[in-house]
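Down below is the structure, laid out as structure tokens.
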Amino acid sequence: MKIIPSGQTLGAQVQDIDHATALSNDALRTVLTALGKHGALCFPNQTFDTAAFAAFARRFGDLEVNVANKFHEPDFPEVMILSNRTDPAGKPVGLNDAGQGWHTDMSYSKDIALANVLHAQAVPMRNGKSVGETQFRNMHAAYDELPDEVKHKIEGHTATHDFEKFWEVMRLRPGSHRARLTNEQRRKKPPVSQPLVRIHPLTARKVLYANPGYTMWIDGIERSESDTILDYLFRHQERADFLYAHHWAVGDLLMWDNIGTVHNAVADYMPNEPRYMRRAQVMATLDYTSLLQHGRDGLA
Ligand code: OGA
Ligand code: MN
């Protein structure tokens with residue numbers, strides 16, 4: 001396996017890896033270490049089917065089945081479809097507006113995600129170049145670069161994250177197909193508190209864990225002060241040197257770190273420029289510290 005860093009703040013290509021065979025313990029460790037270090041790993045030219053894709057993702061942790069989503073591969077509720085395609089009757093075949101705004105997947109959930117894995121089946125092209133890029137920001141670097149007084153101010157604090165915040169932003173956009181969340185859906189996704197600074201399980205370094213998509217307020221302080229601090233943190237995240245963009249090609253398998261990055265899908269393509277991604281959300285359900293030290297066999 002060869003890992004080639006992008007030379008930017010995030011991003012690396014993983015080459016010469018055969019997904020047809022199960023990842024060995026050593027390979028798993030190498031990939032996890034690279035994920036913590038580079039945040040977004042692209043395995044180009046992958047041809048595996050839905051079952052192999054799900055099996056690959058499941059090596060890293062349990063897969064989420066999203067309750068608010070009705071689009072998944074047949075027989076694979078854990079493999080979501082992101083697409084702007086429609087069937088011959090004009091019905092959407094996938095979720096067509098996923099991730100359009102800066103966020104971190106599953107930060108609204110008590111059990112957080114380790115990584116999201118997307119496998120590109122169709123990529124919109126214009127004038128020989130792909131459109132519909134996915135952007136990432138480096139939350140290890142964002143934390144490191146905070147002024148000391150801000151680090152002290154946020155250390156030990158939690159913030160409330162709410163699934164409905166991002167849902168409502170998307171629902172109120174012109175042309176949205178999203179309905180209001182039902183009480184049942186709301187009950188399944190109650191707001192949760194998350195530490196603002198957390199130790200990344202793959203790097204043992206601190207990351208800034210807050211995102212404009214889901215973070216509502218800092219717990220236990222005045223709302224106006226909370227607004228001021230969150231506004232500061234979100235603007236700080238926008239620094240150009242924290243940004244990395246993945247430009248897609250068909251066959252790319254992109255795995256990104258959902259603890260040490262925030263991301264955003266750029267919707268700059270048209271309905272007649274098809275995009276189709278398989279998606280699996282890997283929950284942070286394993287003891288990664290132990291996995292990195294002893295391999296999967298060492299896990300209880
Ligand atoms: C997601 C997401 C981005 C994209 O799947 O959670 O944000 O570019 N996707 O499709
Ligand atoms: Mn997302």
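Labels for the structure tokens follow display order: chains A, B, ..., residues from 1 in each chain, ligands from 1.
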Using only C-alpha atoms and all ligand atoms, find each residue of chain A with at least one atom at most 6 Å away from an atom of ligand 1; report its shortest atom-to-atom pair and that distance in Å (one decimal), sort the rows by chain and rising residue number, and return the result as JSON lines.
```
{"residue": "A:Ala98", "atom": "CA", "partner": "ligand 1", "partner_atom_place_in_ligand_line": "2 (C)", "distance": 5.3}
{"residue": "A:Gly99", "atom": "CA", "partner": "ligand 1", "partner_atom_place_in_ligand_line": "7 (O)", "distance": 3.4}
{"residue": "A:Asp105", "atom": "CA", "partner": "ligand 1", "partner_atom_place_in_ligand_line": "6 (O)", "distance": 5.6}
{"residue": "A:Thr134", "atom": "CA", "partner": "ligand 1", "partner_atom_place_in_ligand_line": "8 (O)", "distance": 4.3}
{"residue": "A:Asn264", "atom": "CA", "partner": "ligand 1", "partner_atom_place_in_ligand_line": "7 (O)", "distance": 5.9}
{"residue": "A:Ala265", "atom": "CA", "partner": "ligand 1", "partner_atom_place_in_ligand_line": "8 (O)", "distance": 3.9}
```
Could those selected residues go to a file with all heavy atoms, as a tab-separated table (two decimals), in the first residue's frame?
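Dumped everything to out.tsv:
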```tsv
chain	number	residue	atom	x	y	z
A	98	ALA	N	-27.63	16.26	-0.07
A	98	ALA	CA	-26.88	15.89	1.13
A	98	ALA	C	-25.69	16.82	1.37
A	98	ALA	O	-24.95	17.14	0.44
A	98	ALA	CB	-26.37	14.45	1.03
A	99	GLY	N	-25.55	17.25	2.59
A	99	GLY	CA	-24.31	17.89	3.02
A	99	GLY	C	-24.01	19.25	2.43
A	99	GLY	O	-22.85	19.68	2.43
A	105	ASP	N	-20.80	15.03	10.08
A	105	ASP	CA	-21.80	13.98	10.15
A	105	ASP	C	-21.94	13.46	11.57
A	105	ASP	O	-20.93	13.18	12.23
A	105	ASP	CB	-21.41	12.80	9.24
A	105	ASP	CG	-21.29	13.20	7.78
A	105	ASP	OD1	-21.97	14.16	7.37
A	105	ASP	OD2	-20.51	12.55	7.06
A	134	THR	N	-16.25	18.03	-2.98
A	134	THR	CA	-16.52	18.01	-1.54
A	134	THR	C	-15.36	18.70	-0.85
A	134	THR	O	-14.19	18.38	-1.10
A	134	THR	CB	-16.69	16.57	-1.03
A	134	THR	OG1	-17.65	15.90	-1.86
A	134	THR	CG2	-17.19	16.55	0.41
A	264	ASN	N	-18.35	20.05	3.42
A	264	ASN	CA	-19.39	20.78	2.70
A	264	ASN	C	-19.46	20.27	1.26
A	264	ASN	O	-18.43	20.16	0.60
A	264	ASN	CB	-19.01	22.28	2.70
A	264	ASN	CG	-19.91	23.12	1.81
A	264	ASN	OD1	-21.14	22.99	1.84
A	264	ASN	ND2	-19.32	24.00	1.00
A	265	ALA	N	-20.66	19.95	0.80
A	265	ALA	CA	-20.85	19.51	-0.59
A	265	ALA	C	-21.17	20.73	-1.46
A	265	ALA	O	-22.08	21.49	-1.14
A	265	ALA	CB	-22.00	18.50	-0.67
```
>> As a quick test: using only C-alpha atoms and all ligand atoms, which residues lie no more than 12 Å away from ligand 2? Give them as a PyMOL selection string.
In response: chain A and resi 80+82+95+97-108+113+115-118+134-136+163+166-167+211+213-214+255-259+261-266+279-281
>> Can you pull out the residues contacting stretch 172-187 of chain A? Cut-off 10 Å, using only C-alpha atoms, and skip same-chain residues under 2 positions away; I want them as a VMD selection string.
In response: chain A and resid 67 to 68 95 to 97 162 to 164 167 to 170 189 to 191
> How would you write, as a list in words, the set of residues in stretch 110-172 of chain A that DSSP gives as strand (DSSP E or B)?
Replying inline: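 Here is the list: Ala113, Leu114, Ala115, Asn116, Val117, Leu118, His119, Ala120, Gln121, Ala122, Met125, Arg126, Lys129, Ser130, Thr134, Gln135, Phe136, Arg137, Asn138, Thr158, Ala159, Thr160 and His161 of chain A.
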> With only C-alpha atoms as the basis for distance, which of A:His38, A:His247, A:His236, A:Arg278 is at the shortest distance from A:Leu146?
Replying inline: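 Closest candidate: A:His236.
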> In Å, with one decimal, what is the gap from atom CA of A:Phe242 to atom CA of A:Gln194?
Replying inline: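 Separation of atom CA of A:Phe242 and atom CA of A:Gln194: 22.2 Å.
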> Among stretch 51-277 of chain A, which ones does DSSP place in alpha helix (DSSP H), written as a PyMOL selection string?
Replying inline: chain A and resi 51-58+139-144+148-154+163-171+183-188+223-237
Include N, CA and C atoms and write out the residues we just selected as a compact mmCIF listing (two decimals), in the first residue's frame.
```
# COMPACT_ATOMS: atom_id res chain seq x y z
N ALA A 51 -22.11 -5.01 -1.77
CA ALA A 51 -21.77 -5.89 -0.63
C ALA A 51 -20.31 -5.70 -0.21
N ALA A 52 -19.43 -5.65 -1.19
CA ALA A 52 -17.99 -5.49 -0.88
C ALA A 52 -17.73 -4.10 -0.29
N PHE A 53 -18.44 -3.12 -0.82
CA PHE A 53 -18.31 -1.75 -0.29
C PHE A 53 -18.72 -1.72 1.19
N ALA A 54 -19.86 -2.30 1.50
CA ALA A 54 -20.34 -2.32 2.89
C ALA A 54 -19.37 -3.10 3.78
N ALA A 55 -18.85 -4.20 3.26
CA ALA A 55 -17.93 -5.03 4.05
C ALA A 55 -16.64 -4.26 4.34
N PHE A 56 -16.16 -3.51 3.35
CA PHE A 56 -14.95 -2.70 3.54
C PHE A 56 -15.20 -1.68 4.67
N ALA A 57 -16.31 -0.96 4.57
CA ALA A 57 -16.60 0.09 5.56
C ALA A 57 -16.77 -0.52 6.95
N ARG A 58 -17.40 -1.69 7.03
CA ARG A 58 -17.70 -2.33 8.32
C ARG A 58 -16.45 -2.77 9.06
N MET A 139 -9.72 20.31 11.45
CA MET A 139 -10.03 20.73 12.83
C MET A 139 -8.90 20.43 13.83
N HIS A 140 -7.89 19.64 13.43
CA HIS A 140 -6.67 19.57 14.23
C HIS A 140 -5.95 20.92 14.12
N ALA A 141 -5.77 21.37 12.88
CA ALA A 141 -5.08 22.65 12.66
C ALA A 141 -5.87 23.81 13.25
N ALA A 142 -7.20 23.76 13.09
CA ALA A 142 -8.03 24.86 13.61
C ALA A 142 -7.84 24.96 15.13
N TYR A 143 -7.82 23.82 15.82
CA TYR A 143 -7.60 23.87 17.27
C TYR A 143 -6.21 24.42 17.58
N ASP A 144 -5.19 23.84 16.93
CA ASP A 144 -3.81 24.26 17.21
C ASP A 144 -3.61 25.77 17.04
N ASP A 148 -4.25 31.19 22.67
CA ASP A 148 -4.29 30.50 23.96
C ASP A 148 -5.50 30.88 24.81
N GLU A 149 -5.88 32.16 24.76
CA GLU A 149 -7.00 32.56 25.64
C GLU A 149 -8.31 31.91 25.16
N VAL A 150 -8.43 31.70 23.88
CA VAL A 150 -9.65 31.03 23.38
C VAL A 150 -9.61 29.54 23.75
N LYS A 151 -8.43 28.93 23.60
CA LYS A 151 -8.30 27.52 24.03
C LYS A 151 -8.74 27.37 25.48
N HIS A 152 -8.26 28.28 26.34
CA HIS A 152 -8.63 28.19 27.76
C HIS A 152 -10.11 28.40 27.97
N LYS A 153 -10.67 29.34 27.21
CA LYS A 153 -12.09 29.67 27.36
C LYS A 153 -12.99 28.48 27.03
N ILE A 154 -12.63 27.71 26.00
CA ILE A 154 -13.54 26.64 25.57
C ILE A 154 -13.22 25.29 26.20
N PHE A 163 -29.83 17.85 15.24
CA PHE A 163 -30.08 17.40 13.86
C PHE A 163 -31.02 18.35 13.12
N GLU A 164 -32.02 18.88 13.84
CA GLU A 164 -33.04 19.69 13.19
C GLU A 164 -32.51 21.04 12.69
N LYS A 165 -31.40 21.51 13.25
CA LYS A 165 -30.86 22.81 12.82
C LYS A 165 -30.55 22.78 11.32
N PHE A 166 -29.74 21.81 10.92
CA PHE A 166 -29.33 21.69 9.51
C PHE A 166 -30.53 21.29 8.64
N TRP A 167 -31.35 20.40 9.18
CA TRP A 167 -32.54 19.93 8.44
C TRP A 167 -33.41 21.14 8.04
N GLU A 168 -33.64 22.05 8.99
CA GLU A 168 -34.50 23.21 8.73
C GLU A 168 -33.87 24.17 7.72
N VAL A 169 -32.54 24.35 7.82
CA VAL A 169 -31.86 25.22 6.84
C VAL A 169 -32.10 24.66 5.44
N MET A 170 -31.95 23.34 5.29
CA MET A 170 -32.12 22.70 3.99
C MET A 170 -33.59 22.73 3.55
N ARG A 171 -34.49 22.48 4.49
CA ARG A 171 -35.93 22.41 4.18
C ARG A 171 -36.45 23.75 3.67
N ASN A 183 -42.71 14.20 14.84
CA ASN A 183 -42.38 14.07 16.26
C ASN A 183 -41.60 12.80 16.53
N GLU A 184 -41.96 11.77 15.79
CA GLU A 184 -41.27 10.48 15.91
C GLU A 184 -39.78 10.63 15.54
N GLN A 185 -39.51 11.31 14.41
CA GLN A 185 -38.10 11.52 13.99
C GLN A 185 -37.37 12.38 15.01
N ARG A 186 -38.06 13.39 15.51
CA ARG A 186 -37.45 14.29 16.50
C ARG A 186 -37.09 13.52 17.77
N ARG A 187 -37.99 12.61 18.15
CA ARG A 187 -37.73 11.79 19.34
C ARG A 187 -36.51 10.91 19.16
N LYS A 188 -36.32 10.45 17.91
CA LYS A 188 -35.16 9.59 17.64
C LYS A 188 -33.86 10.37 17.58
N ARG A 223 -26.56 33.11 26.41
CA ARG A 223 -26.73 32.85 24.99
C ARG A 223 -25.95 33.85 24.12
N SER A 224 -25.91 35.12 24.56
CA SER A 224 -25.22 36.12 23.75
C SER A 224 -23.71 35.85 23.72
N GLU A 225 -23.17 35.42 24.86
CA GLU A 225 -21.74 35.10 24.90
C GLU A 225 -21.46 33.86 24.05
N SER A 226 -22.36 32.89 24.15
CA SER A 226 -22.23 31.68 23.35
C SER A 226 -22.23 32.02 21.85
N ASP A 227 -23.16 32.89 21.45
CA ASP A 227 -23.23 33.30 20.03
C ASP A 227 -21.92 33.93 19.58
N THR A 228 -21.35 34.79 20.45
CA THR A 228 -20.11 35.48 20.11
C THR A 228 -18.96 34.48 19.93
N ILE A 229 -18.88 33.52 20.85
CA ILE A 229 -17.77 32.55 20.77
C ILE A 229 -17.94 31.63 19.56
N LEU A 230 -19.16 31.11 19.36
CA LEU A 230 -19.37 30.20 18.22
C LEU A 230 -19.12 30.92 16.90
N ASP A 231 -19.58 32.16 16.84
CA ASP A 231 -19.35 32.95 15.63
C ASP A 231 -17.84 33.09 15.37
N TYR A 232 -17.11 33.36 16.43
CA TYR A 232 -15.65 33.46 16.31
C TYR A 232 -15.05 32.13 15.83
N LEU A 233 -15.49 31.02 16.43
CA LEU A 233 -14.92 29.71 16.08
C LEU A 233 -15.25 29.34 14.62
N PHE A 234 -16.48 29.63 14.20
CA PHE A 234 -16.86 29.28 12.82
C PHE A 234 -16.09 30.13 11.80
N ARG A 235 -15.85 31.39 12.15
CA ARG A 235 -15.05 32.24 11.23
C ARG A 235 -13.59 31.79 11.20
N HIS A 236 -13.10 31.41 12.35
CA HIS A 236 -11.73 30.90 12.45
C HIS A 236 -11.58 29.66 11.56
N GLN A 237 -12.59 28.79 11.55
CA GLN A 237 -12.54 27.57 10.72
C GLN A 237 -12.40 27.90 9.24
```
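Atom pair atom CA of A:Gln15 / atom CA of A:Arg29: separated by 15.5 Å.
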>> Under the rule that only C-alpha atoms are counted, which of A:Ala249, A:Ile199, A:Ala159, A:Ala267 is the nearest residue to A:Ile218?
In response: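 Of A:Ala249, A:Ile199, A:Ala159, A:Ala267, the one nearest A:Ile218 is A:Ala159, counting only C-alpha atoms.
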Shell around stretch 23-28 of chain A at 10 Å using only C-alpha atoms, local window under 6 positions removed, as a PDB file with all heavy atoms, in the first residue's frame:
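New file out.pdb:
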```pdb
ATOM      1  N   MET A   1       0.846  -1.189   0.000  1.00  0.00           N
ATOM      2  CA  MET A   1       0.000   0.000   0.000  1.00  0.00           C
ATOM      3  C   MET A   1       0.887   1.246   0.000  1.00  0.00           C
ATOM      4  O   MET A   1       1.852   1.311   0.749  1.00  0.00           O
ATOM      5  CB  MET A   1      -0.885  -0.031   1.256  1.00  0.00           C
ATOM      6  CG  MET A   1      -1.849   1.092   1.340  1.00  0.00           C
ATOM      7  SD  MET A   1      -2.884   1.120   2.840  1.00  0.00           S
ATOM      8  CE  MET A   1      -2.832  -0.508   3.504  1.00  0.00           C
ATOM      9  N   ILE A  17      -3.817  -0.956  -3.262  1.00  0.00           N
ATOM     10  CA  ILE A  17      -4.490  -1.720  -2.216  1.00  0.00           C
ATOM     11  C   ILE A  17      -5.608  -2.486  -2.893  1.00  0.00           C
ATOM     12  O   ILE A  17      -6.314  -1.952  -3.753  1.00  0.00           O
ATOM     13  CB  ILE A  17      -5.014  -0.789  -1.098  1.00  0.00           C
ATOM     14  CG1 ILE A  17      -5.660  -1.608   0.027  1.00  0.00           C
ATOM     15  CG2 ILE A  17      -5.959   0.263  -1.612  1.00  0.00           C
ATOM     16  CD1 ILE A  17      -5.922  -0.795   1.280  1.00  0.00           C
ATOM     17  N   ALA A  34      -3.396   6.720   8.678  1.00  0.00           N
ATOM     18  CA  ALA A  34      -3.407   7.708   7.587  1.00  0.00           C
ATOM     19  C   ALA A  34      -4.664   8.579   7.650  1.00  0.00           C
ATOM     20  O   ALA A  34      -4.615   9.780   7.370  1.00  0.00           O
ATOM     21  CB  ALA A  34      -3.318   6.996   6.238  1.00  0.00           C
ATOM     22  N   ALA A  55     -18.854  -4.196   3.264  1.00  0.00           N
ATOM     23  CA  ALA A  55     -17.928  -5.028   4.053  1.00  0.00           C
ATOM     24  C   ALA A  55     -16.638  -4.257   4.342  1.00  0.00           C
ATOM     25  O   ALA A  55     -16.098  -4.318   5.451  1.00  0.00           O
ATOM     26  CB  ALA A  55     -17.620  -6.324   3.306  1.00  0.00           C
ATOM     27  N   PHE A  56     -16.157  -3.514   3.348  1.00  0.00           N
ATOM     28  CA  PHE A  56     -14.953  -2.697   3.544  1.00  0.00           C
ATOM     29  C   PHE A  56     -15.197  -1.683   4.668  1.00  0.00           C
ATOM     30  O   PHE A  56     -14.419  -1.587   5.621  1.00  0.00           O
ATOM     31  CB  PHE A  56     -14.590  -1.969   2.242  1.00  0.00           C
ATOM     32  CG  PHE A  56     -13.486  -0.959   2.402  1.00  0.00           C
ATOM     33  CD1 PHE A  56     -12.160  -1.363   2.416  1.00  0.00           C
ATOM     34  CD2 PHE A  56     -13.774   0.387   2.567  1.00  0.00           C
ATOM     35  CE1 PHE A  56     -11.125  -0.431   2.581  1.00  0.00           C
ATOM     36  CE2 PHE A  56     -12.757   1.325   2.736  1.00  0.00           C
ATOM     37  CZ  PHE A  56     -11.435   0.906   2.742  1.00  0.00           C
ATOM     38  N   ARG A  59     -15.337  -2.900   8.372  1.00  0.00           N
ATOM     39  CA  ARG A  59     -14.074  -3.245   9.036  1.00  0.00           C
ATOM     40  C   ARG A  59     -13.659  -2.182  10.053  1.00  0.00           C
ATOM     41  O   ARG A  59     -12.924  -2.440  10.981  1.00  0.00           O
ATOM     42  CB  ARG A  59     -12.950  -3.392   8.002  1.00  0.00           C
ATOM     43  CG  ARG A  59     -13.061  -4.606   7.138  1.00  0.00           C
ATOM     44  CD  ARG A  59     -12.612  -5.860   7.880  1.00  0.00           C
ATOM     45  NE  ARG A  59     -11.155  -5.948   7.931  1.00  0.00           N
ATOM     46  CZ  ARG A  59     -10.475  -6.554   8.892  1.00  0.00           C
ATOM     47  NH1 ARG A  59     -11.116  -7.122   9.885  1.00  0.00           N
ATOM     48  NH2 ARG A  59      -9.160  -6.597   8.863  1.00  0.00           N
ATOM     49  N   PHE A  60     -14.144  -0.943   9.852  1.00  0.00           N
ATOM     50  CA  PHE A  60     -13.676   0.181  10.677  1.00  0.00           C
ATOM     51  C   PHE A  60     -14.611   0.493  11.846  1.00  0.00           C
ATOM     52  O   PHE A  60     -14.303   1.319  12.693  1.00  0.00           O
ATOM     53  CB  PHE A  60     -13.504   1.424   9.798  1.00  0.00           C
ATOM     54  CG  PHE A  60     -12.478   1.238   8.717  1.00  0.00           C
ATOM     55  CD1 PHE A  60     -12.836   0.748   7.466  1.00  0.00           C
ATOM     56  CD2 PHE A  60     -11.139   1.515   8.961  1.00  0.00           C
ATOM     57  CE1 PHE A  60     -11.885   0.551   6.471  1.00  0.00           C
ATOM     58  CE2 PHE A  60     -10.181   1.324   7.982  1.00  0.00           C
ATOM     59  CZ  PHE A  60     -10.550   0.835   6.733  1.00  0.00           C
ATOM     60  N   LEU A 291      -6.953  -0.749  18.935  1.00  0.00           N
ATOM     61  CA  LEU A 291      -6.852  -1.294  17.577  1.00  0.00           C
ATOM     62  C   LEU A 291      -5.533  -0.876  16.922  1.00  0.00           C
ATOM     63  O   LEU A 291      -4.855  -1.671  16.267  1.00  0.00           O
ATOM     64  CB  LEU A 291      -8.044  -0.796  16.764  1.00  0.00           C
ATOM     65  CG  LEU A 291      -8.487  -1.618  15.566  1.00  0.00           C
ATOM     66  CD1 LEU A 291      -9.922  -1.269  15.182  1.00  0.00           C
ATOM     67  CD2 LEU A 291      -7.601  -1.396  14.368  1.00  0.00           C
ATOM     68  N   LEU A 292      -5.158   0.399  17.121  1.00  0.00           N
ATOM     69  CA  LEU A 292      -3.909   0.873  16.524  1.00  0.00           C
ATOM     70  C   LEU A 292      -2.698   0.200  17.152  1.00  0.00           C
ATOM     71  O   LEU A 292      -1.698  -0.043  16.493  1.00  0.00           O
ATOM     72  CB  LEU A 292      -3.799   2.401  16.660  1.00  0.00           C
ATOM     73  CG  LEU A 292      -4.717   3.206  15.746  1.00  0.00           C
ATOM     74  CD1 LEU A 292      -4.529   4.696  15.960  1.00  0.00           C
ATOM     75  CD2 LEU A 292      -4.468   2.858  14.275  1.00  0.00           C
ATOM     76  N   HIS A 294      -2.714  -2.909  18.895  1.00  0.00           N
ATOM     77  CA  HIS A 294      -2.655  -4.379  18.855  1.00  0.00           C
ATOM     78  C   HIS A 294      -3.350  -4.985  17.648  1.00  0.00           C
ATOM     79  O   HIS A 294      -3.341  -6.206  17.505  1.00  0.00           O
ATOM     80  CB  HIS A 294      -3.314  -4.970  20.119  1.00  0.00           C
ATOM     81  CG  HIS A 294      -2.891  -4.311  21.384  1.00  0.00           C
ATOM     82  ND1 HIS A 294      -1.594  -4.388  21.849  1.00  0.00           N
ATOM     83  CD2 HIS A 294      -3.557  -3.534  22.265  1.00  0.00           C
ATOM     84  CE1 HIS A 294      -1.506  -3.688  22.980  1.00  0.00           C
ATOM     85  NE2 HIS A 294      -2.665  -3.160  23.245  1.00  0.00           N
ATOM     86  N   GLY A 295      -3.998  -4.182  16.842  1.00  0.00           N
ATOM     87  CA  GLY A 295      -4.747  -4.744  15.714  1.00  0.00           C
ATOM     88  C   GLY A 295      -6.111  -5.204  16.164  1.00  0.00           C
ATOM     89  O   GLY A 295      -6.451  -5.130  17.345  1.00  0.00           O
ATOM     90  N   ARG A 296      -6.903  -5.670  15.216  1.00  0.00           N
ATOM     91  CA  ARG A 296      -8.286  -6.040  15.514  1.00  0.00           C
ATOM     92  C   ARG A 296      -8.358  -7.243  16.451  1.00  0.00           C
ATOM     93  O   ARG A 296      -9.291  -7.358  17.249  1.00  0.00           O
ATOM     94  CB  ARG A 296      -9.031  -6.344  14.211  1.00  0.00           C
ATOM     95  CG  ARG A 296     -10.370  -5.639  14.121  1.00  0.00           C
ATOM     96  CD  ARG A 296     -11.008  -5.913  12.786  1.00  0.00           C
ATOM     97  NE  ARG A 296     -12.186  -5.084  12.541  1.00  0.00           N
ATOM     98  CZ  ARG A 296     -13.359  -5.250  13.133  1.00  0.00           C
ATOM     99  NH1 ARG A 296     -13.525  -6.199  14.020  1.00  0.00           N
ATOM    100  NH2 ARG A 296     -14.388  -4.477  12.833  1.00  0.00           N
ATOM    101  N   ASP A 297      -7.369  -8.119  16.389  1.00  0.00           N
ATOM    102  CA  ASP A 297      -7.382  -9.305  17.258  1.00  0.00           C
ATOM    103  C   ASP A 297      -7.286  -8.915  18.724  1.00  0.00           C
ATOM    104  O   ASP A 297      -7.723  -9.657  19.597  1.00  0.00           O
ATOM    105  CB  ASP A 297      -6.199 -10.235  16.931  1.00  0.00           C
ATOM    106  CG  ASP A 297      -6.304 -10.762  15.510  1.00  0.00           C
ATOM    107  OD1 ASP A 297      -7.435 -10.791  14.984  1.00  0.00           O
ATOM    108  OD2 ASP A 297      -5.256 -11.105  14.933  1.00  0.00           O
TER     109      ASP A 297
END
```
> Quick one: residues within 10 Å of A:Asn66, only C-alpha atoms counted, chain neighbours fewer than 3 positions away excluded, as an NGL selection string?
Replying inline: :A and (63 or 69-72 or 77-80 or 280-281)
>> Report, in Å to a single decimal, how far apart atom CA of A:Gly251 and atom CA of A:Asp62 are.
In response: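 So the answer is 23.4 Å.
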If we count only C-alpha atoms, what is near A:Asp16 at a cut-off of 10 Å, once residues fewer than 5 positions away on the same chain are taken out, given as an mmCIF file with all heavy atoms, in the first residue's frame?
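To be explicit, this is the file written out as selection34.cif:
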```
data_model
loop_
_atom_site.group_PDB
_atom_site.id
_atom_site.type_symbol
_atom_site.label_atom_id
_atom_site.label_comp_id
_atom_site.auth_asym_id
_atom_site.auth_seq_id
_atom_site.Cartn_x
_atom_site.Cartn_y
_atom_site.Cartn_z
ATOM 1 N N MET A 1 0.846 -1.189 0.000
ATOM 2 C CA MET A 1 0.000 0.000 0.000
ATOM 3 C C MET A 1 0.887 1.246 0.000
ATOM 4 O O MET A 1 1.852 1.311 0.749
ATOM 5 C CB MET A 1 -0.885 -0.031 1.256
ATOM 6 C CG MET A 1 -1.849 1.092 1.340
ATOM 7 S SD MET A 1 -2.884 1.120 2.840
ATOM 8 C CE MET A 1 -2.832 -0.508 3.504
ATOM 9 N N LYS A 2 0.532 2.211 -0.875
ATOM 10 C CA LYS A 2 1.316 3.456 -0.940
ATOM 11 C C LYS A 2 0.408 4.621 -0.574
ATOM 12 O O LYS A 2 -0.699 4.727 -1.089
ATOM 13 C CB LYS A 2 1.835 3.646 -2.376
ATOM 14 C CG LYS A 2 3.315 3.461 -2.474
ATOM 15 C CD LYS A 2 4.033 4.013 -3.696
ATOM 16 C CE LYS A 2 3.282 4.353 -4.935
ATOM 17 N NZ LYS A 2 3.666 3.560 -6.102
ATOM 18 N N ILE A 3 0.869 5.495 0.301
ATOM 19 C CA ILE A 3 0.074 6.656 0.694
ATOM 20 C C ILE A 3 0.774 7.915 0.218
ATOM 21 O O ILE A 3 1.921 8.170 0.584
ATOM 22 C CB ILE A 3 -0.158 6.659 2.216
ATOM 23 C CG1 ILE A 3 -1.015 5.432 2.567
ATOM 24 C CG2 ILE A 3 -0.846 7.947 2.664
ATOM 25 C CD1 ILE A 3 -1.194 5.167 4.021
ATOM 26 N N PHE A 43 -9.123 6.354 -2.378
ATOM 27 C CA PHE A 43 -8.683 5.111 -3.011
ATOM 28 C C PHE A 43 -9.241 5.158 -4.429
ATOM 29 O O PHE A 43 -10.434 4.942 -4.615
ATOM 30 C CB PHE A 43 -9.262 3.893 -2.285
ATOM 31 C CG PHE A 43 -8.976 3.820 -0.802
ATOM 32 C CD1 PHE A 43 -9.641 4.639 0.108
ATOM 33 C CD2 PHE A 43 -8.063 2.908 -0.306
ATOM 34 C CE1 PHE A 43 -9.399 4.562 1.481
ATOM 35 C CE2 PHE A 43 -7.808 2.811 1.064
ATOM 36 C CZ PHE A 43 -8.480 3.648 1.951
ATOM 37 N N PRO A 44 -8.403 5.465 -5.429
ATOM 38 C CA PRO A 44 -8.947 5.644 -6.777
ATOM 39 C C PRO A 44 -9.268 4.318 -7.471
ATOM 40 O O PRO A 44 -8.737 3.267 -7.100
ATOM 41 C CB PRO A 44 -7.834 6.390 -7.515
ATOM 42 C CG PRO A 44 -6.592 6.139 -6.737
ATOM 43 C CD PRO A 44 -6.973 5.752 -5.335
#
```
>> Taking only C-alpha atoms into account, name the residue in A:Gln293, A:Thr9, A:Gln121, A:Thr215 that is nearest to A:Pro274.
In response: A:Gln121
> Near A:Asp268, within 9 Å and counting only C-alpha atoms, which residues show up once chain neighbours fewer than 3 positions away are dropped, as number ranges by chain?
Replying inline: A: 131-133
Write the residues of the preceding selection, restricted to C-alpha atoms, as an mmCIF file, in the first residue's frame.
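Written file, selection-v4.cif:
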```cif
data_model
loop_
_atom_site.group_PDB
_atom_site.id
_atom_site.type_symbol
_atom_site.label_atom_id
_atom_site.label_comp_id
_atom_site.auth_asym_id
_atom_site.auth_seq_id
_atom_site.Cartn_x
_atom_site.Cartn_y
_atom_site.Cartn_z
ATOM 1 C CA VAL A 131 -17.942 19.566 -10.658
ATOM 2 C CA GLY A 132 -19.693 18.827 -7.367
ATOM 3 C CA GLU A 133 -16.530 18.787 -5.263
#
```
